[in-house]
Amino acid sequence: MTEQALEASARGFVSSLNDVVAATIDTDIRFVAGLISNGSRTRIGASRKQSRPDGFPLVRAVDDPAAPALLLRATYIVESARSEEYLRVVTSTIGLWVDVTGGRKKHRPLVRLEYDRYPRATDRPAAHVHLHANSPEMAWVYGSSDRPAPDLHALHFPVGGQQFCPTLEDFLLFLNRERLYTDFKPGWKRAVLRSLRQWEEVQAVATVKKCPVVAASVLTKLGYTVFPPGGGVT
């Protein structure tokens, strides 16, 4: 994929992300893309606004709009797949940051969903959660085994493999379901679910390309006639 083709594909991804933002959050901040790493990859994140924190402000009815307590952060690094037919995510971070000081200090993370296609540690799950909290029970588990307890947010709680991982849409639904943030625009959930279905279809295409024999077997069991590339019928 050429640099121009990568830019075009990234614009398509950015457009779909911005459709979700526009339908759910009352903000003028949008996702933007910029080439990195000699033009082979693109970083996608929130557009920066002077004097504003880096991210999407989630303004609740009880908040001062000038100093929102909640901040949604979402960043992606994407590249072209080996087939050069579509984009794939290299890394992503989606999370909720909180400021309990009324704007006097920087927002601090509460929960982060992360994805790393090429993890540095081979036993680390590609998709994982970091929870910024305290757990006396976890401290006891480590301490009773004479081991120092790590910070809870240092643990990588697995939530999916390389092909399937939580999305921005999943995270917005989580915020609403757990009542962390509920001041979305009217009709927001319908737009989020529609975007989520589109994402699932894209992932289905990628899975079929990765496991064509399995896909052909399933289609055959469903009554379809599948012709392999070399001819014949499966």
# chains A, B, ... in the order shown; residues from 1 in each chain; ligands from 1
>>> closest_atom_pairs(of="segment 33-133 of chain A", to="segment 7-26 of chain A", cutoff="12 Å", atoms="only C-alpha atoms", output="JSON lines")
{"residue": "A:Ala33", "atom": "CA", "partner": "A:Ala10", "partner_atom": "CA", "distance": 7.0}
{"residue": "A:Gly34", "atom": "CA", "partner": "A:Glu7", "partner_atom": "CA", "distance": 8.3}
{"residue": "A:Leu35", "atom": "CA", "partner": "A:Glu7", "partner_atom": "CA", "distance": 7.6}
{"residue": "A:Ile36", "atom": "CA", "partner": "A:Glu7", "partner_atom": "CA", "distance": 11.0}
{"residue": "A:Gly39", "atom": "CA", "partner": "A:Glu7", "partner_atom": "CA", "distance": 9.0}
{"residue": "A:Ser40", "atom": "CA", "partner": "A:Glu7", "partner_atom": "CA", "distance": 9.7}
{"residue": "A:Arg41", "atom": "CA", "partner": "A:Glu7", "partner_atom": "CA", "distance": 9.1}
{"residue": "A:Thr42", "atom": "CA", "partner": "A:Ala10", "partner_atom": "CA", "distance": 7.2}
{"residue": "A:Arg43", "atom": "CA", "partner": "A:Ala10", "partner_atom": "CA", "distance": 9.0}
{"residue": "A:Ile44", "atom": "CA", "partner": "A:Val14", "partner_atom": "CA", "distance": 7.3}
{"residue": "A:Gly45", "atom": "CA", "partner": "A:Val14", "partner_atom": "CA", "distance": 8.9}
{"residue": "A:Ala46", "atom": "CA", "partner": "A:Asn18", "partner_atom": "CA", "distance": 9.8}
{"residue": "A:Ser47", "atom": "CA", "partner": "A:Asn18", "partner_atom": "CA", "distance": 11.0}
{"residue": "A:Gly55", "atom": "CA", "partner": "A:Val21", "partner_atom": "CA", "distance": 11.7}
{"residue": "A:Phe56", "atom": "CA", "partner": "A:Ile25", "partner_atom": "CA", "distance": 8.2}
{"residue": "A:Pro57", "atom": "CA", "partner": "A:Ile25", "partner_atom": "CA", "distance": 8.3}
{"residue": "A:Leu58", "atom": "CA", "partner": "A:Ile25", "partner_atom": "CA", "distance": 7.0}
{"residue": "A:Val59", "atom": "CA", "partner": "A:Asp26", "partner_atom": "CA", "distance": 7.9}
{"residue": "A:Arg60", "atom": "CA", "partner": "A:Asp26", "partner_atom": "CA", "distance": 10.2}
{"residue": "A:Ala61", "atom": "CA", "partner": "A:Asp26", "partner_atom": "CA", "distance": 11.8}
{"residue": "A:Pro65", "atom": "CA", "partner": "A:Asp26", "partner_atom": "CA", "distance": 10.6}
{"residue": "A:Leu71", "atom": "CA", "partner": "A:Ile25", "partner_atom": "CA", "distance": 11.2}
{"residue": "A:Leu72", "atom": "CA", "partner": "A:Ile25", "partner_atom": "CA", "distance": 10.1}
{"residue": "A:Arg73", "atom": "CA", "partner": "A:Val21", "partner_atom": "CA", "distance": 11.8}
{"residue": "A:Ala74", "atom": "CA", "partner": "A:Leu17", "partner_atom": "CA", "distance": 10.1}
{"residue": "A:Thr75", "atom": "CA", "partner": "A:Leu17", "partner_atom": "CA", "distance": 10.9}
{"residue": "A:Tyr76", "atom": "CA", "partner": "A:Val14", "partner_atom": "CA", "distance": 10.0}
{"residue": "A:Ile77", "atom": "CA", "partner": "A:Ala10", "partner_atom": "CA", "distance": 9.9}
{"residue": "A:Val78", "atom": "CA", "partner": "A:Ala10", "partner_atom": "CA", "distance": 7.7}
{"residue": "A:Glu79", "atom": "CA", "partner": "A:Ala10", "partner_atom": "CA", "distance": 8.7}
{"residue": "A:Ser80", "atom": "CA", "partner": "A:Ser9", "partner_atom": "CA", "distance": 8.6}
{"residue": "A:Ala81", "atom": "CA", "partner": "A:Ser9", "partner_atom": "CA", "distance": 11.3}
{"residue": "A:Glu84", "atom": "CA", "partner": "A:Ser9", "partner_atom": "CA", "distance": 10.3}
{"residue": "A:Glu85", "atom": "CA", "partner": "A:Ser9", "partner_atom": "CA", "distance": 9.4}
{"residue": "A:Tyr86", "atom": "CA", "partner": "A:Ser9", "partner_atom": "CA", "distance": 7.3}
{"residue": "A:Leu87", "atom": "CA", "partner": "A:Ser9", "partner_atom": "CA", "distance": 6.7}
{"residue": "A:Arg88", "atom": "CA", "partner": "A:Ala10", "partner_atom": "CA", "distance": 9.9}
{"residue": "A:Val89", "atom": "CA", "partner": "A:Phe13", "partner_atom": "CA", "distance": 10.5}
>>> closest_atom_pairs(of="segment 142-220 of chain A", to="segment 108-113 of chain A", cutoff="12 Å", atoms="only C-alpha atoms", output="CSV")
residue,atom,partner,partner_atom,distance
A:Leu152,CA,A:Val111,CA,10.8
A:His153,CA,A:Val111,CA,8.3
A:Ala154,CA,A:Arg112,CA,11.1
A:Leu155,CA,A:Arg112,CA,11.4
A:His156,CA,A:Leu113,CA,9.7
A:Phe157,CA,A:Leu113,CA,9.5
A:Pro158,CA,A:Leu113,CA,9.8
A:Val159,CA,A:Leu113,CA,8.7
A:Gly160,CA,A:Leu113,CA,10.6
A:Cys165,CA,A:Leu113,CA,8.9
A:Pro166,CA,A:Leu113,CA,7.3
A:Thr167,CA,A:Leu113,CA,8.6
A:Leu168,CA,A:Leu113,CA,9.4
A:Asp170,CA,A:Leu113,CA,10.2
A:Phe171,CA,A:Leu113,CA,8.3
A:Leu172,CA,A:Leu113,CA,11.9
A:Phe174,CA,A:Val111,CA,11.2
A:Leu175,CA,A:Val111,CA,10.7
A:Leu180,CA,A:Leu110,CA,10.7
>>> residues_around(residues="Thr101 of chain A", least_positions_apart="4", cutoff="10 Å", atoms="only C-alpha atoms", output="PyMOL selection string")
chain A and resi 67+69+105-107
>>> closest_residue(among="A:Thr27, A:Ser145, A:Gln162, A:Thr93", to="Ala127 of chain A", atoms="only C-alpha atoms")
A:Gln162
>>> closest_residue(among="A:Tyr142, A:Val226, A:Pro148, A:Pro68", to="Arg104 of chain A", atoms="only C-alpha atoms")
A:Pro68
>>> atom_distance(atom1="atom CA of Thr182 of chain A", atom2="atom CA of Asp64 of chain A")
15.9 Å
>>> select_by_dssp(residues="segment 42-160 of chain A", states="strand (DSSP E)", output="number ranges by chain")
A: 42-46, 56-58, 70-80, 87-98, 108-116, 127-131, 157-160
>>> closest_residue(among="A:Ser195, A:Thr91, A:Asn176, A:Ser37", to="Tyr118 of chain A", atoms="only C-alpha atoms")
A:Thr91
>>> atom_distance(atom1="atom CA of Lys221 of chain A", atom2="atom CA of Glu201 of chain A")
20.4 Å
>>> residues_around(residues="Ala139 of chain A", least_positions_apart="5", cutoff="9 Å", atoms="only C-alpha atoms", output="ChimeraX atom specification")
/A:134,144,148-151
>>> closest_residue(among="A:Leu196, A:Leu70, A:Leu6, A:Leu173", to="Leu96 of chain A", atoms="only C-alpha atoms")
A:Leu70
>>> atom_distance(atom1="atom CA of Lys210 of chain A", atom2="atom CA of Glu169 of chain A")
24.1 Å
>>> closest_residue(among="A:Val98, A:Pro229, A:Gln203, A:Glu3", to="Phe164 of chain A", atoms="only C-alpha atoms")
A:Gln203
